[in-house]
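*Asks:* Sharing a structure, written as structure tokens. Questions coming.
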Amino acid sequence: MTGVLPDIVPLWTLILGLGVFLYVLLDGFDLGVGMLFAFAPDGNARNLMMNAVAPIWDGNETWLVLGTVGFFAAFPLAFAIILPAVYLPIALMLVALVFRGVAFEFRFRDAERRGFWDHGFVAGSALATFAQGVVLGAFIQGFRVEGRHFAGSSLDCFTPFSIVTGVALMFGYALLGAGWLIIKTEGELQRLARRLGRIALVGVAAAIAAVSLWTPQLDPAVARRWFSWPNIALLSPVPLLTALLAALTWRALARDRAQFAPFALSVGLFALSYLGIAISLWPMIVPHRYSLWQAASSESTQVFLALGTLFLLPIIFFYVGWSYWVFRGKARADVGYH
Amino acid sequence: MTLDPLILSRLQFAWVIAWHILLPAFTVGLASFIAFAEGVWFFARSQTFLKISMFWTRIFSIAFGMGVVSGIVMPFQFGTNWSRFADATADILSPLLAYEGLMAFFLEATFLGVLLFGRKLVPRWAHFFAALMVAAGTLFSSFWILAANSWMQTPAGYAVVNGRFEPRDWLAVIFNPSFPYRLFHTVVGFYITTGFVVLGVGAWLIRRGRGVAEARAMVSATLWLLLGLIPAQILLGDAHGLNTERYQPAKLAAIEARWKTGSRVPLTLFAIPDQRAAANRFSIEVPVLGSLILTHDPNGTVRGLEDWPRADWPPVIIPFLAFRIMVGLGLLMLAIVVTGNALRWRGALWRNGAFLKLCQWVAPVGFLAVLAGWTTTEVGRQPWTVYGLMRTANSVTPSLTSADVIVTLGGYVLAYLVIFPAGIALMVRVARRGFEPAPGDLVQSGRPATVLDVPRQAERNAPGHVEQNAP
């Protein structure tokens with residue numbers, strides 16, 4: 001780094017952190033709807049669930065592309081080490097997303113094989129979510145690195161811990177999906193979403209507890225960060241707030257008047273879990289090996305892209321927000337598809 | 001040739017890009033065509049063009065969905081299979097890809113939602129604006145991805161620091177020497193590809209007597225458009241060739257299967273290049289024409305592959321044949337479009353069943369030309385990923401095993417063999433239904449039962465308008 005300009009790495013950390021979080025929320029709820037789709041009682045319910053995400057899913061998935069490319073741009077060394085390390089789950093996710101993405105169009109137009117595309121939609125959503133959870137778990141555990149390369153095997157990323165995070169994320173996205181369905185549906189389908197949401201919440205709470213207790217065991221540095229004095233006092237609001245939010249979510253899922261609260265509270269749970277992981281790993285982007293600064297791209301690259309990003313992101317938020325406004329309200333089976 | 005991770009990763013990339021490129025080849029042109037039709041509906045209140053737009057929008061939504069899912073696969077390939085390339089070139093290429101996402105993907109995805117689902121929900125001008133934004137998004141996307149691709153072909157504006165490429169001049173990076181030529185040649189190629197699909201589908205509808213007025217309107221507009229675009233494309237291709245001769249002479253030598261340097265060289269129309277013997281078998285040649293075309297001078301010198309070490313040669317036979325397929329298809333397209341316009345001039349176009357049938361048959365011709373052209377330029381770039389600077393063999397991820405790549409390649413092959421034929425079949429089915437949804441429509445999702453109850457917004461804006469135009 002030449003010191004002509006102020007350090008821009010924190011800005012990129014923030015942008016990318018926000019981008020990844022937005023992806024997790026937005027594609028999280030529509031992948032969650034995809035998994036809950038398996039529990040829909042009839043064709044009408046399936047159509048409603050599909051219509052609840054159909055106009056916005058590909059915009060949501062765009063955050064995956066932007067998050068990936070942004071990661072490539074801001075921290076290329078980490079990108080070049082981590083992607084080979086999670087080679088198989090990434091490929092699984094991509095193939096799963098292919099089946100899940102085409103189902104939106106194909107099931108409407110291919111009545112004879114609608115069952116096939118519906119199964120593809122559910123399995124694609126579930127496998128893509130599981131694969132993302134495995135990637136997350138493998139990332140928290142860290143990778144075998146030599147110089148600027150991943151030096152392990154493609155199977156290293158499958159560990160008991162990463163399998164647990166894979167399943168955990170399935171519960172997490174299902175919770176977000178249930179929250180979204182509560183906003184977008186009413187009556188019997190909404191009641192179903194509330195029931196499924198409560199089941200998912202139990203899984204989420206168990207998973208958060210498991211990962212929170214397990215991660216410090218994996219790495220003494222993480223244990224020191226959380227449990228040494230005064231950190232333990234300063235950081236204690238994170239687990240306490242998480243417990244509080246989980247309880248509030250449970251209540252909101254049961255209360256028929258709460259339309260937006262279950263989704264908003266689940267978002268809060270995700271935000272706190274995300275914050276917890278960030279606290280554990282900061283400031284490393286390749287755990288145990290490279291910090292955010294060591295993995296950063298050249299200053300010229302970061303500045304060139306930051307200028308455009310800071311200009312374009314507000315515009316994107318504006319028109320994406322507008323499209324959510326256009327498609328506000330309860331999903332209806334009779335809103336013209338095309 | 002052993003199945004090492006390098007060759008398998010190349011096969012995997014070729015597989016996922018070859019299928020993916022078919023979709024932008026179609027959607028870039030179709031988005032503009034839909035925006036055009038929506039414009040005619042918006043400004044001239046033409047019910048014909050409203051129907052044309054709705055017809056193609058249904059097909060577009062399928063193609064676009066497939067384009068999104070197969071496109072998401074692409075940026076991951078850099079990290080998973082080409083990590084050394086990613087590490088070396090990230091500082092230069094990543095912002096170009098990121099700008100594609102920021103400027104294009106959100107624009108397309110968001111406004112496509114409005115275009116598909118929002119006709120009843122937003123004012124008419126906003127719906128037309130959405131069509132324009134989708135079209136603009138596809139063009140922005142072409143701009144940035146081709147800037148990145150062109151930089152790999154003709155790198156500029158960089159410095160090499162510790163084996164990594166660092167940016168020195170962003171304008172030089174983006175507007176690198178081959179970029180303007182590649183951009184225009186590719187986008188015009190995409191427009192032509194769409195044009196032939198529209199022509200073929202229109203001809204089919206006319207022959208079946210379905211929505212004849214609409215089908216004639218779109219065939220007629222497209223014939224005019226292609227009459228301008230195809231000659232323009234031939235000129236652009238020639239300019240692109242001169243650019244290649246200047247900046248990638250070894251690629252040009254491979255395209256022409258020219259082994260020895262010389263002046264007044266012939267044009268090889270056909271041959272079977274033999275890389276090992278550095279000679280052509282069964283060649284058919286026209287004297288001097290090679291120098292004339294490649295240098296615009298009968299005495300011009302054309303360099304042969306002998307000027308470079310063998311290790312730097314591309315696999316000659318592939319770009320050589322792919323280029324000839326592309327040019328041959330281009331000439332075929334020119335002949336068809338000239339014939340069509342001549343028939344129209346004589347007022348015989350709509351009666352000429354044989355010509356309409358021919359249009360049907362050649363509907364996919366643009367896709368073949370795009371694939372052939374893409375193969376020419378990408379295989380011609382070999383053995384480099386960054387031309388002359390970084391070898392493909394040094395770009396692959398070091399940790400990969402053959403088994404890893406066989407598993408993932410198998411997954412992509414299976415997935416694409418399911419969804420692409422299914423998607424194509426569905427587009428054909430939608431096209432067969434014509435402009436009016438069939439009674440007892442299989443679609444349950446509540447699409448409007450007839451085209452005419454759609455423009456509710458128009459009623460609101462101009463009372464009585466829809467009734468006046470209803471047939």
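Just so we're on the same page: first chain in the structure tokens is A, next is B, and so on; residues restart at 1 for each chain, and ligands are numbered from 1 in the order they show up.
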Please provide the set of residues having any atom within 10 Å of Leu229 (chain B), restricted to only C-alpha atoms, with same-chain residues fewer than 2 positions apart removed, written as a ChimeraX atom specification.
*Replies:* /B:188-189,191-192,195,223-227,231-235,334
*Asks:* If we count only C-alpha atoms, what is near region 174-177 of chain A at a cut-off of 9 Å, once residues fewer than 4 positions away on the same chain are taken out, given as a PyMOL selection string?
*Replies:* chain A and resi 25-26+28-36+169-170+181-182+193+196-201+204+262-264+266-267
*Asks:* Do you have the CA of Phe311 (chain A)-CA of Phe76 (chain B) distance handy?
*Replies:* 25.7 Å
*Asks:* Just to confirm, what's the straight-line distance from CA of Val197 (chain B) to CA of Ser142 (chain B) in Å (one decimal)?
*Replies:*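 We find that CA of Val197 (chain B) and CA of Ser142 (chain B) lie 19.9 Å from each other.
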*Asks:* For chain A, list the residues within 7 Å of chain B, counting only C-alpha atoms, and write the list as JSON, numbers by chain.
*Replies:* {"A": [47, 55, 56, 58, 59, 62, 65, 66, 69, 70, 72, 73, 76, 77, 79, 80, 83, 84, 87, 91, 94, 95, 97, 98, 101, 102, 105, 108, 109, 111, 150, 151, 152, 153, 297, 298, 300, 301, 305, 312, 316, 320, 323, 326, 333, 334, 335, 336, 337, 338]}
*Asks:* Given the selection you just returned, output its residues as a file containing N, CA and C atoms, formatted as a tab-separated table (two decimals), in the first residue's frame.
*Replies:*
chain	number	residue	atom	x	y	z
A	47	ASN	N	-48.72	-22.25	-6.23
A	47	ASN	CA	-48.70	-21.08	-7.10
A	47	ASN	C	-48.53	-19.79	-6.30
A	55	PRO	N	-41.37	-12.31	-8.90
A	55	PRO	CA	-40.89	-11.08	-9.54
A	55	PRO	C	-39.53	-10.60	-9.05
A	56	ILE	N	-39.04	-11.12	-7.94
A	56	ILE	CA	-37.85	-10.53	-7.34
A	56	ILE	C	-36.68	-11.49	-7.19
A	58	ASP	N	-34.68	-13.12	-9.22
A	58	ASP	CA	-33.41	-13.01	-9.96
A	58	ASP	C	-32.65	-11.76	-9.57
A	59	GLY	N	-33.39	-10.73	-9.14
A	59	GLY	CA	-32.70	-9.58	-8.55
A	59	GLY	C	-31.97	-9.97	-7.27
A	62	THR	N	-28.87	-11.74	-7.98
A	62	THR	CA	-27.82	-10.88	-8.52
A	62	THR	C	-26.81	-10.49	-7.43
A	65	VAL	N	-23.87	-12.78	-7.47
A	65	VAL	CA	-22.86	-12.44	-8.48
A	65	VAL	C	-22.05	-11.24	-7.99
A	66	LEU	N	-22.76	-10.22	-7.48
A	66	LEU	CA	-22.04	-9.02	-7.06
A	66	LEU	C	-21.15	-9.31	-5.86
A	69	VAL	N	-18.11	-11.27	-7.24
A	69	VAL	CA	-17.20	-10.45	-8.03
A	69	VAL	C	-16.58	-9.35	-7.16
A	70	GLY	N	-17.36	-8.84	-6.20
A	70	GLY	CA	-16.82	-7.84	-5.29
A	70	GLY	C	-15.70	-8.42	-4.43
A	72	PHE	N	-13.80	-10.96	-5.33
A	72	PHE	CA	-12.73	-11.09	-6.31
A	72	PHE	C	-12.00	-9.75	-6.47
A	73	ALA	N	-12.76	-8.66	-6.46
A	73	ALA	CA	-12.18	-7.34	-6.71
A	73	ALA	C	-11.44	-6.81	-5.49
A	76	PRO	N	-8.64	-10.29	-3.73
A	76	PRO	CA	-8.43	-11.35	-4.72
A	76	PRO	C	-7.61	-12.52	-4.18
A	77	LEU	N	-6.67	-12.25	-3.28
A	77	LEU	CA	-5.86	-13.35	-2.77
A	77	LEU	C	-6.75	-14.34	-2.01
A	79	PHE	N	-9.95	-14.72	-2.48
A	79	PHE	CA	-10.79	-15.35	-3.50
A	79	PHE	C	-10.07	-16.53	-4.13
A	80	ALA	N	-8.79	-16.33	-4.48
A	80	ALA	CA	-8.04	-17.36	-5.19
A	80	ALA	C	-7.68	-18.53	-4.28
A	83	LEU	N	-11.93	-20.16	-2.99
A	83	LEU	CA	-12.80	-20.86	-3.95
A	83	LEU	C	-12.30	-22.25	-4.30
A	84	PRO	N	-10.98	-22.44	-4.54
A	84	PRO	CA	-10.54	-23.82	-4.77
A	84	PRO	C	-10.76	-24.70	-3.55
A	87	TYR	N	-14.29	-26.08	-3.57
A	87	TYR	CA	-14.59	-26.39	-4.97
A	87	TYR	C	-15.88	-27.19	-5.12
A	91	ALA	N	-19.66	-26.00	-6.64
A	91	ALA	CA	-20.24	-26.61	-7.84
A	91	ALA	C	-21.63	-27.16	-7.53
A	94	LEU	N	-24.01	-24.30	-7.48
A	94	LEU	CA	-24.31	-23.74	-8.80
A	94	LEU	C	-25.29	-24.63	-9.57
A	95	VAL	N	-25.03	-25.93	-9.54
A	95	VAL	CA	-25.93	-26.84	-10.25
A	95	VAL	C	-27.33	-26.80	-9.61
A	97	LEU	N	-28.66	-24.27	-8.01
A	97	LEU	CA	-29.29	-23.00	-8.36
A	97	LEU	C	-29.82	-23.01	-9.79
A	98	VAL	N	-29.15	-23.76	-10.67
A	98	VAL	CA	-29.64	-23.87	-12.05
A	98	VAL	C	-31.04	-24.49	-12.04
A	101	GLY	N	-33.53	-22.14	-10.34
A	101	GLY	CA	-33.84	-20.92	-11.08
A	101	GLY	C	-34.74	-21.16	-12.28
A	102	VAL	N	-34.50	-22.24	-13.03
A	102	VAL	CA	-35.33	-22.45	-14.21
A	102	VAL	C	-36.74	-22.89	-13.83
A	105	GLU	N	-39.81	-20.44	-14.36
A	105	GLU	CA	-40.44	-20.35	-15.67
A	105	GLU	C	-41.04	-21.68	-16.11
A	108	PHE	N	-44.49	-23.19	-14.88
A	108	PHE	CA	-45.69	-22.54	-15.39
A	108	PHE	C	-46.02	-22.98	-16.81
A	109	ARG	N	-45.00	-23.40	-17.54
A	109	ARG	CA	-45.19	-23.61	-18.97
A	109	ARG	C	-45.17	-25.08	-19.36
A	111	ALA	N	-46.77	-28.13	-18.08
A	111	ALA	CA	-47.69	-28.75	-17.12
A	111	ALA	C	-47.44	-30.24	-16.98
A	150	PHE	N	-4.30	-22.53	-2.13
A	150	PHE	CA	-4.87	-23.57	-1.28
A	150	PHE	C	-4.07	-24.84	-1.52
A	151	ALA	N	-3.67	-25.53	-0.44
A	151	ALA	CA	-2.79	-26.68	-0.60
A	151	ALA	C	-3.41	-27.97	-0.09
A	152	GLY	N	-4.71	-27.93	0.23
A	152	GLY	CA	-5.34	-29.14	0.74
A	152	GLY	C	-6.06	-29.91	-0.35
A	153	SER	N	-6.98	-30.77	0.07
A	153	SER	CA	-7.76	-31.54	-0.88
A	153	SER	C	-9.18	-30.97	-0.94
A	297	SER	N	-6.67	-6.01	-2.95
A	297	SER	CA	-6.16	-5.70	-4.29
A	297	SER	C	-5.44	-4.36	-4.24
A	298	SER	N	-4.86	-3.98	-5.39
A	298	SER	CA	-4.08	-2.74	-5.42
A	298	SER	C	-4.99	-1.55	-5.11
A	300	SER	N	-5.22	1.24	-6.58
A	300	SER	CA	-5.86	1.77	-7.79
A	300	SER	C	-7.14	1.01	-8.11
A	301	THR	N	-7.09	-0.33	-7.95
A	301	THR	CA	-8.28	-1.15	-8.21
A	301	THR	C	-9.40	-0.80	-7.24
A	305	LEU	N	-12.97	1.08	-8.37
A	305	LEU	CA	-14.26	0.42	-8.22
A	305	LEU	C	-15.11	1.10	-7.14
A	312	LEU	N	-23.25	4.06	-7.82
A	312	LEU	CA	-24.29	3.21	-8.39
A	312	LEU	C	-25.17	2.53	-7.34
A	316	ILE	N	-29.14	1.73	-7.43
A	316	ILE	CA	-29.67	0.36	-7.40
A	316	ILE	C	-30.69	0.21	-6.28
A	320	VAL	N	-34.47	-0.91	-7.05
A	320	VAL	CA	-34.87	-2.19	-6.47
A	320	VAL	C	-35.99	-1.95	-5.45
A	323	SER	N	-39.19	-1.48	-7.21
A	323	SER	CA	-39.83	-2.71	-7.70
A	323	SER	C	-40.48	-3.49	-6.55
A	326	VAL	N	-43.72	-1.78	-6.11
A	326	VAL	CA	-44.71	-2.16	-7.13
A	326	VAL	C	-45.35	-3.50	-6.77
A	333	ALA	N	-52.90	-15.19	-6.70
A	333	ALA	CA	-52.72	-16.13	-7.79
A	333	ALA	C	-53.14	-15.49	-9.11
A	334	ASP	N	-53.88	-14.35	-9.03
A	334	ASP	CA	-54.42	-13.80	-10.28
A	334	ASP	C	-53.67	-12.57	-10.75
A	335	VAL	N	-52.56	-12.20	-10.11
A	335	VAL	CA	-51.76	-11.11	-10.67
A	335	VAL	C	-51.11	-11.63	-11.94
A	336	GLY	N	-51.30	-10.89	-13.03
A	336	GLY	CA	-50.90	-11.39	-14.34
A	336	GLY	C	-49.44	-11.79	-14.39
A	337	TYR	N	-49.22	-13.05	-14.65
A	337	TYR	CA	-47.86	-13.49	-14.90
A	337	TYR	C	-47.60	-13.25	-16.37
A	338	HIS	N	-46.82	-12.26	-16.66
A	338	HIS	CA	-46.53	-11.80	-18.04
A	338	HIS	C	-47.75	-11.10	-18.63
*Asks:* Just how far from CA of Leu294 (chain B) is CA of Ile317 (chain B), in Å to one decimal?
*Replies:*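 Distance reported for this atom pair: 18.8 Å.
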*Asks:* Output as a VMD selection string all residues of region 58-208 of chain A that backbone DSSP marks as alpha helix (DSSP H).
*Replies:* chain A and resid 58 to 74 76 to 85 87 to 109 114 to 141 160 to 184 187 to 208
*Asks:* Leaving out region 221-225 of chain A and any residue of its chain fewer than 4 positions from it, which residues lie within 9 Å of it when counting only C-alpha atoms, given as a list in words?
*Replies:*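 With the cut-off at 9 Å, the set is Thr215, Pro216, Gln217, Trp229, Asn231, Ile232, Ile279, Ser280 and Leu281 of chain A.
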*Asks:* Taking only C-alpha atoms into account, name the residue in B:Val198, B:Ile230, B:Ala126, B:Val212 that is nearest to Leu332 (chain B).
*Replies:*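 Between B:Val198, B:Ile230, B:Ala126, B:Val212, the residue approaching Leu332 (chain B) most closely is B:Ile230.
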*Asks:* According to DSSP computed on the backbone, where in region 38-205 of chain B is there strand (DSSP E)? Give the residues as a list of chain:residue names.
*Replies:*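 Listing strand (DSSP E) positions across region 38-205 of chain B yields B:Tyr158, B:Ala159, B:Val160, B:Val161, B:Arg164, B:Phe165, B:Glu166, B:Pro167.
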*Asks:* Output the selection as an mmCIF file, in the first residue's frame - N, CA and C atoms for each residue.
*Replies:*
data_model
loop_
_atom_site.group_PDB
_atom_site.id
_atom_site.type_symbol
_atom_site.label_atom_id
_atom_site.label_comp_id
_atom_site.auth_asym_id
_atom_site.auth_seq_id
_atom_site.Cartn_x
_atom_site.Cartn_y
_atom_site.Cartn_z
ATOM 1 N N TYR B 158 -1.298 -1.755 -18.107
ATOM 2 C CA TYR B 158 -0.937 -2.519 -16.906
ATOM 3 C C TYR B 158 0.578 -2.451 -16.667
ATOM 4 N N ALA B 159 0.985 -2.893 -15.490
ATOM 5 C CA ALA B 159 2.393 -3.182 -15.216
ATOM 6 C C ALA B 159 2.428 -4.515 -14.489
ATOM 7 N N VAL B 160 3.493 -5.291 -14.719
ATOM 8 C CA VAL B 160 3.608 -6.571 -14.020
ATOM 9 C C VAL B 160 4.463 -6.358 -12.773
ATOM 10 N N VAL B 161 3.881 -6.636 -11.601
ATOM 11 C CA VAL B 161 4.587 -6.489 -10.330
ATOM 12 C C VAL B 161 4.520 -7.824 -9.604
ATOM 13 N N ARG B 164 2.080 -10.326 -10.867
ATOM 14 C CA ARG B 164 0.666 -9.947 -10.932
ATOM 15 C C ARG B 164 0.507 -8.704 -11.796
ATOM 16 N N PHE B 165 -0.637 -8.623 -12.474
ATOM 17 C CA PHE B 165 -0.900 -7.467 -13.324
ATOM 18 C C PHE B 165 -1.529 -6.367 -12.482
ATOM 19 N N GLU B 166 -0.911 -5.205 -12.506
ATOM 20 C CA GLU B 166 -1.481 -4.082 -11.760
ATOM 21 C C GLU B 166 -1.898 -2.984 -12.726
ATOM 22 N N PRO B 167 -3.013 -2.335 -12.416
ATOM 23 C CA PRO B 167 -3.522 -1.303 -13.330
ATOM 24 C C PRO B 167 -2.651 -0.050 -13.278
#
*Asks:* Might you pull out every residue within 10 Å of Ala45 (chain A), with only C-alpha atoms counted and same-chain residues fewer than 5 positions away left off, and present them as a PyMOL selection string?
*Replies:* chain A and resi 37+39-40+50-51+185+188-189+333
*Asks:* Pick the closest to Met326 (chain B) from B:Arg351, B:Val286, B:Asp312, B:Thr376: which is it, counting only C-alpha atoms?
*Replies:*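 Smallest distance to Met326 (chain B) is found for B:Thr376.
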*Asks:* Mind checking which residues fall within 8 Å of region 300-305 of chain B, counting only C-alpha atoms, ignoring those fewer than 6 positions away in the same chain, and posting them as a PyMOL selection string?
*Replies:* chain B and resi 249-250+253-254+258-265+291-292+294+313
